>>> print(open('run.cif').read())   # mmCIF, C-alpha atoms
data_structure
loop_
_atom_site.label_atom_id
_atom_site.label_comp_id
_atom_site.auth_asym_id
_atom_site.auth_seq_id
_atom_site.Cartn_x
_atom_site.Cartn_y
_atom_site.Cartn_z
CA MET A 1 4.23 12.81 22.57
CA THR A 2 7.26 11.25 20.93
CA GLY A 3 8.72 14.46 19.51
CA LYS A 4 8.84 12.81 16.10
CA LYS A 5 7.01 14.18 13.08
CA ARG A 6 3.83 12.24 12.35
CA ILE A 7 3.12 10.51 9.06
CA LEU A 8 0.07 8.62 7.88
CA SER A 9 -0.63 6.12 5.15
CA GLY A 10 -3.14 3.38 4.43
CA MET A 11 -3.99 0.40 2.24
CA ARG A 12 -7.30 -0.87 0.91
CA PRO A 13 -8.12 -4.43 2.02
CA THR A 14 -8.99 -5.85 -1.40
CA GLY A 15 -7.04 -9.10 -1.19
CA PRO A 16 -3.81 -10.72 0.00
CA LEU A 17 -0.64 -8.64 -0.24
CA HIS A 18 2.06 -9.47 -2.77
CA ILE A 19 5.74 -8.68 -3.14
CA GLY A 20 4.85 -5.59 -5.19
CA ASN A 21 3.13 -4.24 -2.06
CA LEU A 22 6.20 -5.17 -0.02
CA HIS A 23 8.59 -3.16 -2.17
CA GLY A 24 6.09 -0.48 -3.17
CA ALA A 25 5.06 0.49 0.36
CA LEU A 26 5.65 -1.85 3.28
CA ALA A 27 9.46 -1.84 3.18
CA ASN A 28 9.42 1.97 3.30
CA TRP A 29 6.82 1.95 6.08
CA VAL A 30 9.02 -0.33 8.18
CA GLU A 31 12.03 1.95 7.71
CA MET A 32 10.00 5.05 8.58
CA GLN A 33 9.12 3.63 11.99
CA GLN A 34 12.61 4.62 13.14
CA GLU A 35 12.26 8.28 12.18
CA TYR A 36 8.56 9.15 12.39
CA ASP A 37 5.49 8.79 14.58
CA CYS A 38 3.69 6.47 12.17
CA PHE A 39 -0.05 5.99 11.78
CA TYR A 40 -0.91 3.18 9.33
CA PHE A 41 -4.52 2.25 8.69
CA ILE A 42 -6.55 -0.34 6.81
CA ALA A 43 -8.83 1.67 4.51
CA ASP A 44 -11.93 -0.54 4.51
CA TRP A 45 -14.31 2.34 3.76
CA HIS A 46 -12.15 3.18 0.75
CA ALA A 47 -12.48 -0.43 -0.40
CA LEU A 48 -16.25 0.11 -0.54
CA THR A 49 -15.84 2.81 -3.21
CA SER A 50 -15.17 0.10 -5.80
CA ASP A 51 -16.30 -3.12 -4.07
CA TYR A 52 -19.64 -1.95 -2.70
CA GLU A 53 -21.63 -4.67 -4.50
CA ASP A 54 -19.90 -7.51 -2.68
CA PRO A 55 -18.27 -6.28 0.55
CA GLY A 56 -18.42 -9.62 2.36
CA SER A 57 -14.74 -10.47 1.85
CA ILE A 58 -13.41 -7.18 3.23
CA SER A 59 -13.49 -8.23 6.89
CA GLY A 60 -11.40 -11.33 6.15
CA TYR A 61 -8.90 -9.29 4.18
CA ILE A 62 -8.53 -6.91 7.15
CA ARG A 63 -7.13 -9.66 9.37
CA GLU A 64 -4.91 -10.98 6.58
CA MET A 65 -3.55 -7.49 5.97
CA ILE A 66 -2.74 -6.88 9.62
CA ILE A 67 -0.92 -10.21 9.75
CA ASP A 68 1.04 -9.35 6.59
CA TRP A 69 1.95 -5.97 8.07
CA LEU A 70 3.19 -7.50 11.30
CA SER A 71 5.06 -10.21 9.41
CA THR A 72 6.98 -7.72 7.29
CA GLY A 73 8.15 -5.72 10.29
CA LEU A 74 5.51 -3.19 11.25
CA SER A 75 5.40 -3.02 15.03
CA PRO A 76 2.46 -1.99 17.25
CA ASP A 77 5.10 -0.70 19.68
CA LYS A 78 6.51 1.70 17.09
CA SER A 79 3.44 2.49 14.96
CA THR A 80 -0.29 2.99 15.42
CA LEU A 81 -1.99 0.29 13.35
CA PHE A 82 -5.77 0.63 13.03
CA VAL A 83 -8.86 -0.01 10.94
CA GLN A 84 -10.46 3.06 9.35
CA SER A 85 -14.09 2.12 10.03
CA HIS A 86 -13.37 1.58 13.72
CA ILE A 87 -12.78 5.33 14.06
CA LYS A 88 -16.20 6.86 13.36
CA GLU A 89 -14.75 10.36 13.55
CA HIS A 90 -13.38 9.81 10.03
CA ALA A 91 -16.96 9.75 8.73
CA GLU A 92 -17.87 12.94 10.58
CA LEU A 93 -14.87 14.87 9.27
CA TYR A 94 -15.50 13.48 5.77
CA LEU A 95 -19.04 14.86 5.91
CA ILE A 96 -17.86 18.29 7.04
CA LEU A 97 -15.10 18.49 4.41
CA ALA A 98 -17.58 17.40 1.71
CA MET A 99 -19.59 20.56 2.45
CA ILE A 100 -16.71 22.81 1.39
CA THR A 101 -15.00 20.81 -1.39
CA PRO A 102 -15.81 22.07 -4.94
CA VAL A 103 -16.90 19.32 -7.33
CA PRO A 104 -14.45 20.45 -10.08
CA TRP A 105 -11.57 19.64 -7.71
CA LEU A 106 -12.77 16.05 -7.62
CA GLU A 107 -13.47 15.79 -11.34
CA ARG A 108 -9.93 16.87 -12.18
CA ASN A 109 -8.45 14.17 -9.94
CA PRO A 110 -5.92 12.51 -12.30
CA THR A 111 -6.76 8.97 -11.19
CA TYR A 112 -10.54 9.39 -11.36
CA LYS A 113 -10.93 8.77 -15.09
CA ASP A 114 -8.05 6.28 -15.15
CA GLN A 115 -9.74 4.12 -12.52
CA ILE A 116 -13.06 4.24 -14.36
CA VAL A 117 -11.30 2.89 -17.47
CA GLN A 118 -9.28 0.27 -15.59
CA LEU A 119 -12.33 -0.94 -13.64
CA SER A 120 -14.75 -0.74 -16.55
CA ASN A 121 -16.43 -3.95 -15.38
CA ARG A 122 -17.80 -2.09 -12.34
CA ASP A 123 -20.24 0.79 -12.04
CA LEU A 124 -18.19 3.58 -10.50
CA SER A 125 -20.63 6.39 -11.26
CA THR A 126 -21.24 6.90 -7.54
CA PHE A 127 -20.87 9.84 -5.17
CA GLY A 128 -18.58 7.72 -3.00
CA PHE A 129 -16.13 7.05 -5.81
CA LEU A 130 -16.09 10.66 -6.98
CA GLY A 131 -15.65 11.89 -3.42
CA TYR A 132 -13.02 9.46 -2.21
CA PRO A 133 -10.32 12.19 -2.20
CA VAL A 134 -12.40 13.99 0.43
CA LEU A 135 -12.44 10.88 2.63
CA GLN A 136 -8.73 10.53 1.97
CA ALA A 137 -8.21 14.11 3.11
CA ALA A 138 -10.19 13.42 6.28
CA ASP A 139 -8.01 10.37 6.98
CA ILE A 140 -4.83 12.42 6.70
CA ILE A 141 -5.67 15.70 8.39
CA MET A 142 -7.56 13.97 11.21
CA TYR A 143 -4.15 13.08 12.66
CA LYS A 144 -2.52 16.37 11.64
CA ALA A 145 0.08 14.39 9.75
CA TYR A 146 3.24 16.19 8.75
CA GLY A 147 3.50 14.05 5.65
CA VAL A 148 2.30 11.14 3.57
CA PRO A 149 4.75 8.66 2.00
CA VAL A 150 3.89 8.39 -1.70
CA GLY A 151 5.35 7.64 -5.08
CA VAL A 152 5.59 10.42 -7.67
CA ASP A 153 2.31 9.37 -9.31
CA GLN A 154 0.43 9.87 -6.03
CA VAL A 155 1.57 13.42 -5.31
CA PRO A 156 -1.65 14.92 -6.82
CA HIS A 157 -3.66 13.02 -4.17
CA VAL A 158 -1.76 14.77 -1.40
CA GLU A 159 -2.14 18.11 -3.19
CA ILE A 160 -5.95 17.76 -3.11
CA THR A 161 -5.70 17.14 0.63
CA ARG A 162 -3.58 20.27 1.02
CA GLU A 163 -6.16 22.32 -0.90
CA ILE A 164 -9.03 21.00 1.23
CA ALA A 165 -7.12 21.72 4.46
CA ARG A 166 -6.28 25.20 3.20
CA ARG A 167 -9.93 25.87 2.35
CA PHE A 168 -11.11 24.69 5.76
CA ASN A 169 -8.57 26.92 7.50
CA PHE A 170 -9.63 29.88 5.34
CA PHE A 171 -13.26 29.53 6.40
CA TYR A 172 -12.90 28.51 10.03
CA GLY A 173 -9.41 29.31 11.30
CA ASP A 174 -6.11 27.45 11.42
CA VAL A 175 -6.94 23.95 12.58
CA PHE A 176 -5.09 21.74 10.11
CA PRO A 177 -1.49 21.72 8.90
CA GLU A 178 -1.03 21.12 5.18
CA PRO A 179 0.61 17.70 4.79
CA GLU A 180 3.74 17.24 2.71
CA SER A 181 4.37 14.52 0.14
CA ILE A 182 7.24 12.33 1.32
CA LEU A 183 8.58 10.88 -1.91
CA THR A 184 9.70 7.27 -1.60
CA GLU A 185 11.86 5.33 -4.01
CA THR A 186 10.36 2.01 -5.03
CA PRO A 187 11.78 -0.60 -7.40
CA LYS A 188 9.62 -1.50 -10.36
CA ILE A 189 8.04 -4.88 -9.63
CA LEU A 190 6.37 -6.58 -12.58
CA GLY A 191 4.08 -9.58 -12.38
CA ILE A 192 4.81 -13.00 -13.81
CA ASP A 193 3.31 -11.91 -17.15
CA GLY A 194 5.46 -8.79 -17.46
CA ARG A 195 2.69 -6.35 -16.58
CA LYS A 196 2.46 -4.37 -13.34
CA MET A 197 2.01 -6.80 -10.48
CA SER A 198 -1.65 -6.67 -9.50
CA LYS A 199 -4.31 -8.87 -7.95
CA SER A 200 -6.69 -7.87 -10.74
CA TYR A 201 -4.25 -9.17 -13.37
CA ASP A 202 -3.83 -12.49 -11.54
CA ASN A 203 -0.08 -12.17 -12.02
CA ALA A 204 1.12 -11.64 -8.45
CA ILE A 205 3.36 -13.59 -6.11
CA TYR A 206 1.79 -13.30 -2.67
CA LEU A 207 3.58 -12.96 0.65
CA SER A 208 1.48 -15.81 2.01
CA GLU A 209 2.30 -18.34 -0.71
CA SER A 210 4.14 -21.57 0.08
CA PRO A 211 7.55 -22.43 -1.44
CA ASP A 212 5.89 -24.85 -3.87
CA GLU A 213 3.44 -22.15 -4.98
CA ILE A 214 6.29 -19.69 -5.45
CA VAL A 215 8.25 -22.19 -7.58
CA ALA A 216 5.16 -22.75 -9.75
CA LYS A 217 4.61 -19.01 -10.19
CA VAL A 218 8.26 -18.33 -11.04
CA ALA A 219 8.19 -21.14 -13.63
CA GLN A 220 5.50 -19.18 -15.50
CA MET A 221 7.45 -15.91 -15.57
CA PHE A 222 8.16 -14.22 -18.88
CA THR A 223 11.81 -14.03 -19.86
CA ASP A 224 13.75 -12.47 -22.76
CA PRO A 225 11.28 -12.73 -25.69
CA GLN A 226 14.16 -13.01 -28.19
CA ARG A 227 15.56 -16.10 -26.53
CA ALA A 228 13.53 -18.81 -28.22
CA ARG A 229 16.03 -21.66 -27.70
CA ARG A 230 18.41 -22.73 -24.96
CA SER A 231 21.34 -22.10 -27.31
CA ASP A 232 20.30 -18.48 -28.02
CA PRO A 233 22.28 -15.79 -26.14
CA GLY A 234 20.01 -13.76 -23.86
CA ASN A 235 19.77 -10.16 -22.72
CA PRO A 236 19.20 -10.07 -18.94
CA GLU A 237 18.31 -6.38 -19.03
CA VAL A 238 14.98 -7.13 -20.75
CA CYS A 239 14.22 -10.19 -18.61
CA ASN A 240 11.86 -9.87 -15.66
CA VAL A 241 13.44 -12.86 -13.93
CA PHE A 242 16.78 -11.03 -13.88
CA GLU A 243 15.11 -8.02 -12.22
CA PHE A 244 14.01 -10.35 -9.44
CA HIS A 245 17.55 -11.74 -9.19
CA LYS A 246 18.81 -8.19 -8.59
CA LEU A 247 16.35 -7.88 -5.71
CA TYR A 248 16.69 -11.30 -4.11
CA SER A 249 19.93 -13.01 -5.19
CA ASN A 250 23.39 -12.11 -3.90
CA LYS A 251 25.79 -10.11 -6.04
CA GLU A 252 27.86 -13.15 -6.98
CA THR A 253 24.77 -14.93 -8.32
CA VAL A 254 23.56 -11.83 -10.16
CA ASP A 255 26.95 -11.39 -11.86
CA LYS A 256 27.08 -15.09 -12.76
CA ILE A 257 23.56 -15.08 -14.26
CA ASN A 258 24.35 -11.88 -16.19
CA HIS A 259 27.51 -13.40 -17.65
CA GLU A 260 26.16 -16.87 -18.45
CA CYS A 261 22.82 -15.74 -19.89
CA ARG A 262 24.53 -13.49 -22.44
CA ARG A 263 26.63 -16.46 -23.57
CA ALA A 264 23.83 -19.05 -23.53
CA GLN A 265 25.63 -20.92 -20.76
CA ILE A 266 22.50 -21.13 -18.63
CA GLY A 267 18.91 -21.82 -19.63
CA CYS A 268 15.80 -20.00 -18.50
CA VAL A 269 14.49 -22.99 -16.54
CA GLU A 270 17.66 -23.18 -14.44
CA CYS A 271 17.76 -19.39 -14.07
CA LYS A 272 14.19 -19.38 -12.75
CA GLN A 273 14.91 -22.16 -10.25
CA ILE A 274 17.88 -20.26 -8.83
CA MET A 275 15.77 -17.12 -8.52
CA ALA A 276 12.89 -19.02 -6.89
CA ASP A 277 15.32 -20.41 -4.30
CA SER A 278 16.59 -16.90 -3.56
CA LEU A 279 13.05 -15.53 -3.28
CA ILE A 280 11.91 -18.33 -0.97
CA LYS A 281 14.94 -17.78 1.28
CA ALA A 282 14.27 -14.02 1.41
CA LEU A 283 10.63 -14.57 2.36
CA GLU A 284 11.39 -17.16 5.07
CA PRO A 285 11.40 -14.62 7.95
CA ILE A 286 8.04 -13.25 6.76
CA HIS A 287 6.56 -16.75 6.54
CA GLU A 288 7.80 -17.58 10.04
CA LYS A 289 6.20 -14.45 11.49
CA ARG A 290 2.98 -15.10 9.57
CA GLU A 291 2.75 -18.53 11.12
CA TYR A 292 3.33 -17.00 14.56
CA TYR A 293 0.44 -14.55 14.19
CA LEU A 294 -1.87 -16.99 12.43
CA THR A 295 -1.68 -19.28 15.44
CA ARG A 296 -2.35 -16.39 17.87
CA PRO A 297 -5.66 -14.85 16.74
CA GLN A 298 -6.28 -13.21 20.12
CA LEU A 299 -2.96 -11.36 19.88
CA VAL A 300 -3.97 -10.04 16.45
CA ASP A 301 -7.34 -8.93 17.85
CA ASP A 302 -5.62 -7.17 20.74
CA ILE A 303 -3.28 -5.32 18.38
CA ILE A 304 -6.24 -4.12 16.29
CA VAL A 305 -8.11 -2.94 19.40
CA GLU A 306 -5.07 -1.22 20.90
CA GLY A 307 -4.27 0.59 17.64
CA GLY A 308 -7.89 1.68 17.33
CA ASN A 309 -7.87 3.09 20.85
CA LYS A 310 -4.71 5.11 20.18
CA ALA A 311 -6.06 6.46 16.88
CA ARG A 312 -9.48 7.22 18.39
CA HIS A 313 -7.89 9.27 21.17
CA VAL A 314 -6.22 11.56 18.63
CA ALA A 315 -9.30 11.68 16.37
CA ARG A 316 -11.57 12.76 19.21
CA GLN A 317 -9.21 15.58 20.13
CA THR A 318 -9.17 16.76 16.53
CA MET A 319 -12.95 16.65 16.18
CA THR A 320 -13.36 18.70 19.36
CA GLU A 321 -11.28 21.40 17.66
CA VAL A 322 -13.22 21.06 14.41
CA ARG A 323 -16.61 21.43 16.09
CA ALA A 324 -15.38 24.46 18.03
CA ALA A 325 -14.09 26.05 14.83
CA LEU A 326 -17.46 25.52 13.15
CA LYS A 327 -19.30 26.59 16.33
CA LEU A 328 -21.27 23.34 16.26
#
>>> encode(input="run.cif", output="structure tokens")
Amino acid sequence: MTGKKRILSGMRPTGPLHIGNLHGALANWVEMQQEYDCFYFIADWHALTSDYEDPGSISGYIREMIIDWLSTGLSPDKSTLFVQSHIKEHAELYLILAMITPVPWLERNPTYKDQIVQLSNRDLSTFGFLGYPVLQAADIIMYKAYGVPVGVDQVPHVEITREIARRFNFFYGDVFPEPESILTETPKILGIDGRKMSKSYDNAIYLSESPDEIVAKVAQMFTDPQRARRSDPGNPEVCNVFEFHKLYSNKETVDKINHECRRAQIGCVECKQIMADSLIKALEPIHEKREYYLTRPQLVDDIIVEGGNKARHVARQTMTEVRAALKL
């Protein structure tokens, strides 16, 4: 035991990771390795809730995700990194929790109807999609996590887990702690079209993209809509490119862009090129680590196996307690 409080979080392997994922989760995960006993998992069963018709790409995304995690600073020496489906105990606890979870709890899930609208091109009228909060609860309480790092909009997900843990304890005795929401601050990262950065919108800049690909993506980025001509003064505060400057360029450059844009002393093309250079430089360490792991597939396999073994050890202990509580 490390003496540190344990946290748990996961990601669905639905495609390559982008810089929105970096700032929205991974950067916080890396920081938390110093303070917590971290369990981070690839939620491939969760990916099946929406991608069940064509699951063939999931396995490839798993390896890509692990490599992205390692490249951004997650360490198998500091964190337990594992694949959800490799730990079969998750399925057993999910089944048991499903027996005691009232359907109205799932139907009131705030993201349930939102996801159905957003993914209207898919048939999500399945038991698996309705019940994914139960699987999510199993993922979390399996490791008796103290907390789950989330943004404000995800707090209701953790609350459902707390209710399910509370209900289990009421019926069978105190087995599970109720996890806390660990609120994390994340900068708002928009895609190149000004909408939320998302794979489904095809507007993302991926961690794995080459410098030339990044330059091409940045060239497409929306800027101040009122600045139709090079001679028009701009307003950096409504320009997505300037938001990226604040993340990736140094303070001197940010101040210079802010000053010159407002006075039409710099054009959008030049502004984008400067930002692309800053972004490429910031991503260089990630690209170097990606190349390291891409050329060492056995090392990646070993990390996945080792993380699975560590997670499985904890999961088996938990399930021994669960079966005893249920007198199974």
>>> residues_around(input="run.cif", residues="Pro102 in chain A", least_positions_apart="5", cutoff="12 Å", atoms="only C-alpha atoms", output="VMD selection string")
chain A and resid 97 107 to 109 130 to 131 133 to 134 160 163 to 164 167 to 168
>>> residues_around(input="run.cif", residues="Asp174 in chain A", least_positions_apart="5", cutoff="12 Å", atoms="only C-alpha atoms", output="PyMOL selection string")
chain A and resi 144+165-169+321-322+324-326
>>> write_last_selection(input="run.cif", atoms="C-alpha atoms", output="CSV table (one decimal), keeping the file's coordinate frame")
chain,number,residue,atom,x,y,z
A,144,LYS,CA,-2.5,16.4,11.6
A,165,ALA,CA,-7.1,21.7,4.5
A,166,ARG,CA,-6.3,25.2,3.2
A,167,ARG,CA,-9.9,25.9,2.4
A,168,PHE,CA,-11.1,24.7,5.8
A,169,ASN,CA,-8.6,26.9,7.5
A,321,GLU,CA,-11.3,21.4,17.7
A,322,VAL,CA,-13.2,21.1,14.4
A,324,ALA,CA,-15.4,24.5,18.0
A,325,ALA,CA,-14.1,26.0,14.8
A,326,LEU,CA,-17.5,25.5,13.2
>>> resolve_selection(input="run.cif", expression="the PyMOL selection byres ((chain A and resi 159) around 12)", output="NGL selection string")
:A and (105-106 or 108-110 or 133-134 or 136-137 or 140 or 147-148 or 150 or 152-158 or 160-166 or 178-182)
>>> atom_distance(input="run.cif", atom1="CA of His23 in chain A", atom2="CA of Asp77 in chain A")
22.3 Å
>>> residues_around(input="run.cif", residues="Pro285 in chain A", least_positions_apart="4", cutoff="12 Å", atoms="all atoms listed in the file", output="list in words")
Asp68, Leu70, Ser71, Thr72, Gly73, Leu207, Ser208, Leu279, Ile280, Lys281, Lys289, Arg290, Glu291 and Tyr292 of chain A
>>> resolve_selection(input="run.cif", expression="the PyMOL selection byres ((chain A and resi 304-308) around 12)", output="number ranges by chain")
A: 38-42, 62-67, 69-70, 75-89, 297-303, 309-316
>>> atom_distance(input="run.cif", atom1="CA of Thr14 in chain A", atom2="CA of His245 in chain A")
28.3 Å
>>> resolve_selection(input="run.cif", expression="the PyMOL selection byres ((chain A and resi 17) around 6)", output="list in words")
Pro16, His18 and Tyr206 of chain A
>>> residues_around(input="run.cif", residues="Met197 in chain A", least_positions_apart="2", cutoff="12 Å", atoms="all atoms listed in the file", output="list in words")
Leu17, His18, Ile19, Gly20, Asn21, Leu22, His23, Gly24, Pro187, Lys188, Ile189, Leu190, Gly191, Ile192, Asp193, Gly194, Arg195, Lys199, Ser200, Tyr201, Asp202, Asn203, Ala204, Ile205, Tyr206, Met221 and Asn240 of chain A
>>> atom_distance(input="run.cif", atom1="CA of Pro55 in chain A", atom2="CA of Ala91 in chain A")
18.0 Å
>>> closest_residue(input="run.cif", among="A:Ile58, A:Cys268, A:Met99, A:Ala27", to="Val241 in chain A", atoms="all atoms listed in the file")
A:Cys268
>>> closest_residue(input="run.cif", among="A:Ala276, A:Cys239, A:Lys5, A:Thr253", to="Gln33 in chain A", atoms="all atoms listed in the file")
A:Lys5
>>> decode(input="run.cif", residues="range 140-162 of chain A", atoms="N, CA and C atoms", output="PDB file, in the first residue's frame")
ATOM      1  N   ILE A 140     -15.724   1.876 -10.800  1.00  0.00           N
ATOM      2  CA  ILE A 140     -15.205   2.775  -9.764  1.00  0.00           C
ATOM      3  C   ILE A 140     -15.106   2.078  -8.408  1.00  0.00           C
ATOM      4  N   ILE A 141     -16.211   1.455  -7.970  1.00  0.00           N
ATOM      5  CA  ILE A 141     -16.209   0.907  -6.619  1.00  0.00           C
ATOM      6  C   ILE A 141     -15.443  -0.405  -6.528  1.00  0.00           C
ATOM      7  N   MET A 142     -15.168  -1.038  -7.671  1.00  0.00           N
ATOM      8  CA  MET A 142     -14.334  -2.240  -7.673  1.00  0.00           C
ATOM      9  C   MET A 142     -13.008  -1.970  -6.971  1.00  0.00           C
ATOM     10  N   TYR A 143     -12.465  -0.759  -7.189  1.00  0.00           N
ATOM     11  CA  TYR A 143     -11.147  -0.425  -6.643  1.00  0.00           C
ATOM     12  C   TYR A 143     -11.254   0.440  -5.389  1.00  0.00           C
ATOM     13  N   LYS A 144     -12.493   0.561  -4.871  1.00  0.00           N
ATOM     14  CA  LYS A 144     -12.754   1.327  -3.656  1.00  0.00           C
ATOM     15  C   LYS A 144     -12.093   2.698  -3.735  1.00  0.00           C
ATOM     16  N   ALA A 145     -12.307   3.338  -4.886  1.00  0.00           N
ATOM     17  CA  ALA A 145     -11.673   4.628  -5.142  1.00  0.00           C
ATOM     18  C   ALA A 145     -12.209   5.693  -4.194  1.00  0.00           C
ATOM     19  N   TYR A 146     -11.301   6.493  -3.677  1.00  0.00           N
ATOM     20  CA  TYR A 146     -11.698   7.640  -2.867  1.00  0.00           C
ATOM     21  C   TYR A 146     -12.434   8.655  -3.728  1.00  0.00           C
ATOM     22  N   GLY A 147     -11.948   8.835  -4.967  1.00  0.00           N
ATOM     23  CA  GLY A 147     -12.552   9.869  -5.797  1.00  0.00           C
ATOM     24  C   GLY A 147     -12.355   9.627  -7.269  1.00  0.00           C
ATOM     25  N   VAL A 148     -13.091  10.425  -8.053  1.00  0.00           N
ATOM     26  CA  VAL A 148     -13.047  10.352  -9.507  1.00  0.00           C
ATOM     27  C   VAL A 148     -12.848  11.770 -10.038  1.00  0.00           C
ATOM     28  N   PRO A 149     -11.753  12.019 -10.778  1.00  0.00           N
ATOM     29  CA  PRO A 149     -11.557  13.362 -11.337  1.00  0.00           C
ATOM     30  C   PRO A 149     -12.546  13.636 -12.465  1.00  0.00           C
ATOM     31  N   VAL A 150     -13.334  14.684 -12.327  1.00  0.00           N
ATOM     32  CA  VAL A 150     -14.369  14.998 -13.317  1.00  0.00           C
ATOM     33  C   VAL A 150     -14.513  16.505 -13.466  1.00  0.00           C
ATOM     34  N   GLY A 151     -15.096  16.907 -14.590  1.00  0.00           N
ATOM     35  CA  GLY A 151     -15.538  18.277 -14.750  1.00  0.00           C
ATOM     36  C   GLY A 151     -16.912  18.435 -14.113  1.00  0.00           C
ATOM     37  N   VAL A 152     -17.378  19.669 -13.987  1.00  0.00           N
ATOM     38  CA  VAL A 152     -18.650  19.936 -13.310  1.00  0.00           C
ATOM     39  C   VAL A 152     -19.804  19.181 -13.970  1.00  0.00           C
ATOM     40  N   ASP A 153     -19.780  19.072 -15.310  1.00  0.00           N
ATOM     41  CA  ASP A 153     -20.879  18.435 -16.014  1.00  0.00           C
ATOM     42  C   ASP A 153     -20.948  16.927 -15.780  1.00  0.00           C
ATOM     43  N   GLN A 154     -19.883  16.346 -15.218  1.00  0.00           N
ATOM     44  CA  GLN A 154     -19.857  14.902 -14.991  1.00  0.00           C
ATOM     45  C   GLN A 154     -20.158  14.503 -13.554  1.00  0.00           C
ATOM     46  N   VAL A 155     -20.375  15.483 -12.696  1.00  0.00           N
ATOM     47  CA  VAL A 155     -20.659  15.184 -11.291  1.00  0.00           C
ATOM     48  C   VAL A 155     -21.880  14.270 -11.125  1.00  0.00           C
ATOM     49  N   PRO A 156     -22.973  14.449 -11.914  1.00  0.00           N
ATOM     50  CA  PRO A 156     -24.115  13.532 -11.762  1.00  0.00           C
ATOM     51  C   PRO A 156     -23.753  12.065 -11.995  1.00  0.00           C
ATOM     52  N   HIS A 157     -22.758  11.781 -12.834  1.00  0.00           N
ATOM     53  CA  HIS A 157     -22.334  10.398 -13.059  1.00  0.00           C
ATOM     54  C   HIS A 157     -21.787   9.790 -11.772  1.00  0.00           C
ATOM     55  N   VAL A 158     -20.983  10.578 -11.069  1.00  0.00           N
ATOM     56  CA  VAL A 158     -20.407  10.087  -9.816  1.00  0.00           C
ATOM     57  C   VAL A 158     -21.503   9.945  -8.759  1.00  0.00           C
ATOM     58  N   GLU A 159     -22.495  10.819  -8.797  1.00  0.00           N
ATOM     59  CA  GLU A 159     -23.581  10.741  -7.823  1.00  0.00           C
ATOM     60  C   GLU A 159     -24.377   9.451  -7.991  1.00  0.00           C
ATOM     61  N   ILE A 160     -24.602   9.009  -9.232  1.00  0.00           N
ATOM     62  CA  ILE A 160     -25.277   7.729  -9.448  1.00  0.00           C
ATOM     63  C   ILE A 160     -24.463   6.595  -8.853  1.00  0.00           C
ATOM     64  N   THR A 161     -23.152   6.642  -9.026  1.00  0.00           N
ATOM     65  CA  THR A 161     -22.274   5.627  -8.433  1.00  0.00           C
ATOM     66  C   THR A 161     -22.399   5.631  -6.918  1.00  0.00           C
ATOM     67  N   ARG A 162     -22.433   6.796  -6.322  1.00  0.00           N
ATOM     68  CA  ARG A 162     -22.581   6.903  -4.860  1.00  0.00           C
ATOM     69  C   ARG A 162     -23.899   6.276  -4.407  1.00  0.00           C
TER      70      ARG A 162
END
